[in-house]
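Presented below is the structure to which this report refers.
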Protein chains: 2
Amino acid sequence: MSKPAKLPRPARQDNRRQLVLDAAAAHFRARGFHAVSMREIARAAGMIAGSIYYHFPSKEDLFLAVYEEGVRSISARVREAVAGTDDPWERLSRACRAHTGMLLEESDYAQVILRVFPDDVPAARATLVALRDDYEMLFRELVDELPLADGVNRAMVRHMLLGALNWAKFWYRPGGMTPGEIADAMVAVLRNPAQSNEVRTDA
Amino acid sequence: MSKPAKLPRPARQDNRRQLVLDAAAAHFRARGFHAVSMREIARAAGMIAGSIYYHFPSKEDLFLAVYEEGVRSISARVREAVAGTDDPWERLSRACRAHTGMLLEESDYAQVILRVFPDDVPAARATLVALRDDYEMLFRELVDELPLADGVNRAMVRHMLLGALNWAKFWYRPGGMTPGEIADAMVAVLRNPAQSNEVRTDA
DNA sequence: TGCTAAAACAAACAAACGTTTGGTTTTTAT
DNA sequence: ATAAAAACCAAACGTTTGTTTGTTTTAGCA
């Protein structure tokens, strides 16, 4: 008989892994990957730089963990938002509101996705791109469900919508339009003609 | 009488300031501000790191010079593009094609604007934001000229358009749609209704 | 209570960073 | 031809970087 395999002792309850992750998310979101040092993250978590390496093997791995949580959380939030209805436009609107809310206000983790480019983290590049692509697939499905005019390029509609929403981080200011209002406005422009000579008021 | 002010001797003709600037633009565009070192830029220009400081007092100043040239060049290109016509939609279309072409293909300098955030360069932050705002003012005027339906939020239209175009850098691939086609497609979505039940074929 | 592994600290590492200093070459105006 | 300034090189500066190593503290189970 082989010896009974030793079960690894469970993690302590006072361990600060989550604290490190939160601090990393906050810093990466605010200043990007390269501008943030391990020492800054450690200090924000009340630790010393070397201690982080007990939980994460490298700075890039730490970042990857943050990014993964970012995608996971925004993905979950959007799925939950669209669950309530079957109307295609309403589902898209809800998804956009959730998406924009997370990216502009609610989550440091999600905002990291907009702040850091995959090329900033060479070792994790492919993984980051794959994660983001996975998330965008959600919107691909939502746009595919829409009743659009024949010949409308749905990929283009998706790219336009996500681009417009993501870019809002550059002009969004707290106190002005809320993320939800911004999302609604963008969807409305997509849905309705903007050109005056094509506008018709139902008579 | 004061002595006649000495005229500063003009710059030599073989000086490599422009070479440094080009190398810096190429590197900053590809990898951002913090990931690029002065030594890399110098090597690409066939020099040594310290030599750059003869032409630029600091890394941030070098970057600022690149960014300024980026804004200047894309601004000039767009102005030249719209000069040929008075039709508001045509002017916007031409501006968008020029804008997108510069940002996706033509100019390393212009692409730096999309790659580096003002916060990455603290000492130049305010200047960078001002430069970008100045450039966007061009599009503000173009959108203001459009014959849009009453109640359409023109700032939102502008933000949506620029966001959609700028974001294209994340999915644009050479060999697919050209920058010009992308710009046309985005303007078309703005101009025409996407929703099927509002589409009318003239009978 | 005492043992063990988890989780942290303290300190150092080599490498890379932006920048400075001082000297050398090269062009240009006189 | 000469002097002066422009343009660069060579080498080092002090600091910061991500990471490693060895040691200490501490929580949880027997």
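For the structure tokens, the naming scheme is as follows: chains receive sequential letters (A, B, ...) according to their order of presentation, residues are indexed from 1 within each chain, and ligands are indexed from 1 in presentation order.
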
Which residues are close to range 171-184 of chain A, i.e. within 7 Å by only C-alpha atoms (C1' of nucleotides), leaving aside same-chain residues fewer than 4 positions away? Reply as a PDB file with C-alpha atoms, in the first residue's frame.
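part09.pdb, freshly written:
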```
ATOM      1  CA  SER A  93     -29.667  48.035 -23.624  1.00  0.00           C
ATOM      2  CA  CYS A  96     -24.700  48.123 -22.334  1.00  0.00           C
ATOM      3  CA  ARG A  97     -25.804  49.731 -19.106  1.00  0.00           C
ATOM      4  CA  THR A 100     -20.675  50.881 -18.983  1.00  0.00           C
ATOM      5  CA  GLY A 101     -21.406  50.992 -15.288  1.00  0.00           C
ATOM      6  CA  LEU A 104     -16.765  53.765 -15.630  1.00  0.00           C
ATOM      7  CA  LEU A 165     -19.000  52.901 -24.855  1.00  0.00           C
ATOM      8  CA  ALA A 188     -30.533  55.166 -29.142  1.00  0.00           C
TER       9      ALA A 188
END
```

Would you mind listing, for every residue of chain D within 8 Å of chain B, the two atoms forming the shortest contact and the distance between them in Å to one decimal, using only C-alpha atoms (C1' of nucleotides), sorted by chain and ascending residue number, as a tab-separated table?
```
residue	atom	partner	partner_atom	distance
D:DA5	C1'	B:Arg9	CA	7.2
D:DA6	C1'	B:Arg12	CA	6.8
D:DA7	C1'	B:Asn15	CA	6.9
D:DC8	C1'	B:Ser51	CA	6.2
D:DC9	C1'	B:Ile48	CA	7.4
```

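Least-squares alignment of chain A on chain B, taking all C-alpha positions paired one to one, leaves a root-mean-square deviation of 0.3 Å.
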
Contact set, chain C to chain B: 8 Å, only C-alpha atoms (C1' of nucleotides), as a ChimeraX atom specification: /C:17-19,27

Any chance you can output those residues with N, CA, C and O atoms (P, O5', C5', C4', C3', O3' and C1' of nucleotides) as a tab-separated table (two decimals), in the first residue's frame?
```tsv
chain	number	residue	atom	x	y	z
C	17	DC	P	15.92	49.53	-19.46
C	17	DC	O5'	15.72	50.86	-18.64
C	17	DC	C5'	14.64	50.94	-17.69
C	17	DC	C4'	14.84	52.12	-16.77
C	17	DC	C3'	15.30	53.38	-17.47
C	17	DC	O3'	14.16	54.05	-17.99
C	17	DC	C1'	16.45	53.06	-15.40
C	18	DG	P	14.31	55.10	-19.16
C	18	DG	O5'	14.70	56.42	-18.36
C	18	DG	C5'	13.81	56.90	-17.37
C	18	DG	C4'	14.46	58.06	-16.63
C	18	DG	C3'	14.84	59.25	-17.51
C	18	DG	O3'	14.58	60.46	-16.80
C	18	DG	C1'	16.78	58.37	-16.47
C	19	DT	P	14.89	61.86	-17.51
C	19	DT	O5'	16.40	62.13	-17.06
C	19	DT	C5'	16.69	62.15	-15.67
C	19	DT	C4'	18.18	62.32	-15.45
C	19	DT	C3'	18.82	63.49	-16.19
C	19	DT	O3'	19.19	64.47	-15.23
C	19	DT	C1'	20.19	61.53	-16.22
C	27	DT	P	31.55	66.70	-40.55
C	27	DT	O5'	30.91	68.14	-40.75
C	27	DT	C5'	29.65	68.42	-40.15
C	27	DT	C4'	29.60	69.86	-39.70
C	27	DT	C3'	29.68	70.89	-40.83
C	27	DT	O3'	28.39	71.47	-40.96
C	27	DT	C1'	30.93	71.54	-38.92
```

Mind running chain B against chain A at 8 Å and telling me each contacting residue's nearest atom pair with the distance in Å (one decimal), counting only C-alpha atoms, chain and number ascending, as JSON lines?
```
{"residue": "B:Arg31", "atom": "CA", "partner": "A:Asp120", "partner_atom": "CA", "distance": 6.9}
{"residue": "B:Gly32", "atom": "CA", "partner": "A:Asp120", "partner_atom": "CA", "distance": 7.9}
{"residue": "B:His34", "atom": "CA", "partner": "A:His34", "partner_atom": "CA", "distance": 5.9}
{"residue": "B:Ala35", "atom": "CA", "partner": "A:His34", "partner_atom": "CA", "distance": 6.5}
{"residue": "B:Asp119", "atom": "CA", "partner": "A:Arg31", "partner_atom": "CA", "distance": 7.0}
{"residue": "B:Asp120", "atom": "CA", "partner": "A:Arg31", "partner_atom": "CA", "distance": 6.9}
{"residue": "B:Pro147", "atom": "CA", "partner": "A:Ser196", "partner_atom": "CA", "distance": 5.8}
{"residue": "B:Leu148", "atom": "CA", "partner": "A:Ser196", "partner_atom": "CA", "distance": 4.4}
{"residue": "B:Ala149", "atom": "CA", "partner": "A:Ser196", "partner_atom": "CA", "distance": 4.0}
{"residue": "B:Asp150", "atom": "CA", "partner": "A:Ser196", "partner_atom": "CA", "distance": 7.5}
{"residue": "B:Val152", "atom": "CA", "partner": "A:Ala194", "partner_atom": "CA", "distance": 6.9}
{"residue": "B:Met156", "atom": "CA", "partner": "A:Ala185", "partner_atom": "CA", "distance": 7.4}
{"residue": "B:Val157", "atom": "CA", "partner": "A:Val189", "partner_atom": "CA", "distance": 7.5}
{"residue": "B:His159", "atom": "CA", "partner": "A:Ala164", "partner_atom": "CA", "distance": 6.9}
{"residue": "B:Met160", "atom": "CA", "partner": "A:Ala164", "partner_atom": "CA", "distance": 4.6}
{"residue": "B:Leu161", "atom": "CA", "partner": "A:Ala164", "partner_atom": "CA", "distance": 7.0}
{"residue": "B:Leu162", "atom": "CA", "partner": "A:Ala164", "partner_atom": "CA", "distance": 7.4}
{"residue": "B:Gly163", "atom": "CA", "partner": "A:Ala164", "partner_atom": "CA", "distance": 4.3}
{"residue": "B:Ala164", "atom": "CA", "partner": "A:Gly163", "partner_atom": "CA", "distance": 4.3}
{"residue": "B:Leu165", "atom": "CA", "partner": "A:Gly163", "partner_atom": "CA", "distance": 7.4}
{"residue": "B:Asn166", "atom": "CA", "partner": "A:Gly163", "partner_atom": "CA", "distance": 7.4}
{"residue": "B:Trp167", "atom": "CA", "partner": "A:Gly163", "partner_atom": "CA", "distance": 4.9}
{"residue": "B:Ala168", "atom": "CA", "partner": "A:Gly163", "partner_atom": "CA", "distance": 7.3}
{"residue": "B:Ala185", "atom": "CA", "partner": "A:Met156", "partner_atom": "CA", "distance": 7.4}
{"residue": "B:Met186", "atom": "CA", "partner": "A:Met160", "partner_atom": "CA", "distance": 6.9}
{"residue": "B:Val189", "atom": "CA", "partner": "A:Leu190", "partner_atom": "CA", "distance": 7.0}
{"residue": "B:Leu190", "atom": "CA", "partner": "A:Ala194", "partner_atom": "CA", "distance": 6.3}
{"residue": "B:Arg191", "atom": "CA", "partner": "A:Gln195", "partner_atom": "CA", "distance": 5.5}
{"residue": "B:Asn192", "atom": "CA", "partner": "A:Pro193", "partner_atom": "CA", "distance": 5.2}
{"residue": "B:Pro193", "atom": "CA", "partner": "A:Pro193", "partner_atom": "CA", "distance": 4.3}
{"residue": "B:Ala194", "atom": "CA", "partner": "A:Arg191", "partner_atom": "CA", "distance": 5.7}
{"residue": "B:Gln195", "atom": "CA", "partner": "A:Leu148", "partner_atom": "CA", "distance": 4.7}
{"residue": "B:Ser196", "atom": "CA", "partner": "A:Ala149", "partner_atom": "CA", "distance": 4.0}
{"residue": "B:Asn197", "atom": "CA", "partner": "A:Ala149", "partner_atom": "CA", "distance": 7.6}
{"residue": "B:Glu198", "atom": "CA", "partner": "A:Asn192", "partner_atom": "CA", "distance": 8.0}
{"residue": "B:Val199", "atom": "CA", "partner": "A:Ala149", "partner_atom": "CA", "distance": 6.6}
```

Filtered DSSP result for range 42-174 of chain B, state helix (DSSP H, G or I), as a PyMOL selection string: chain B and resi 42-44+49-55+59-82+88-106+108-115+118-120+122-145+154-170

Selected residue of minimal separation from Tyr109 in chain A among A:Val129, A:Ile41, A:Leu19, A:Val71, counting only C-alpha atoms: A:Val71

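For the atom pair formed by C1' of DA11 in chain C and C1' of DG28 in chain D, the distance is 29.4 Å, given to one decimal.
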
Residues within 12 Å of DA14 in chain C, only C-alpha atoms (C1' of nucleotides), excluding chain neighbours under 6 positions, as a PyMOL selection string: chain D and resi 17-20

Two-atom distance - CA of Tyr67 in chain A, CA of Glu106 in chain A (Å): 15.2 Å
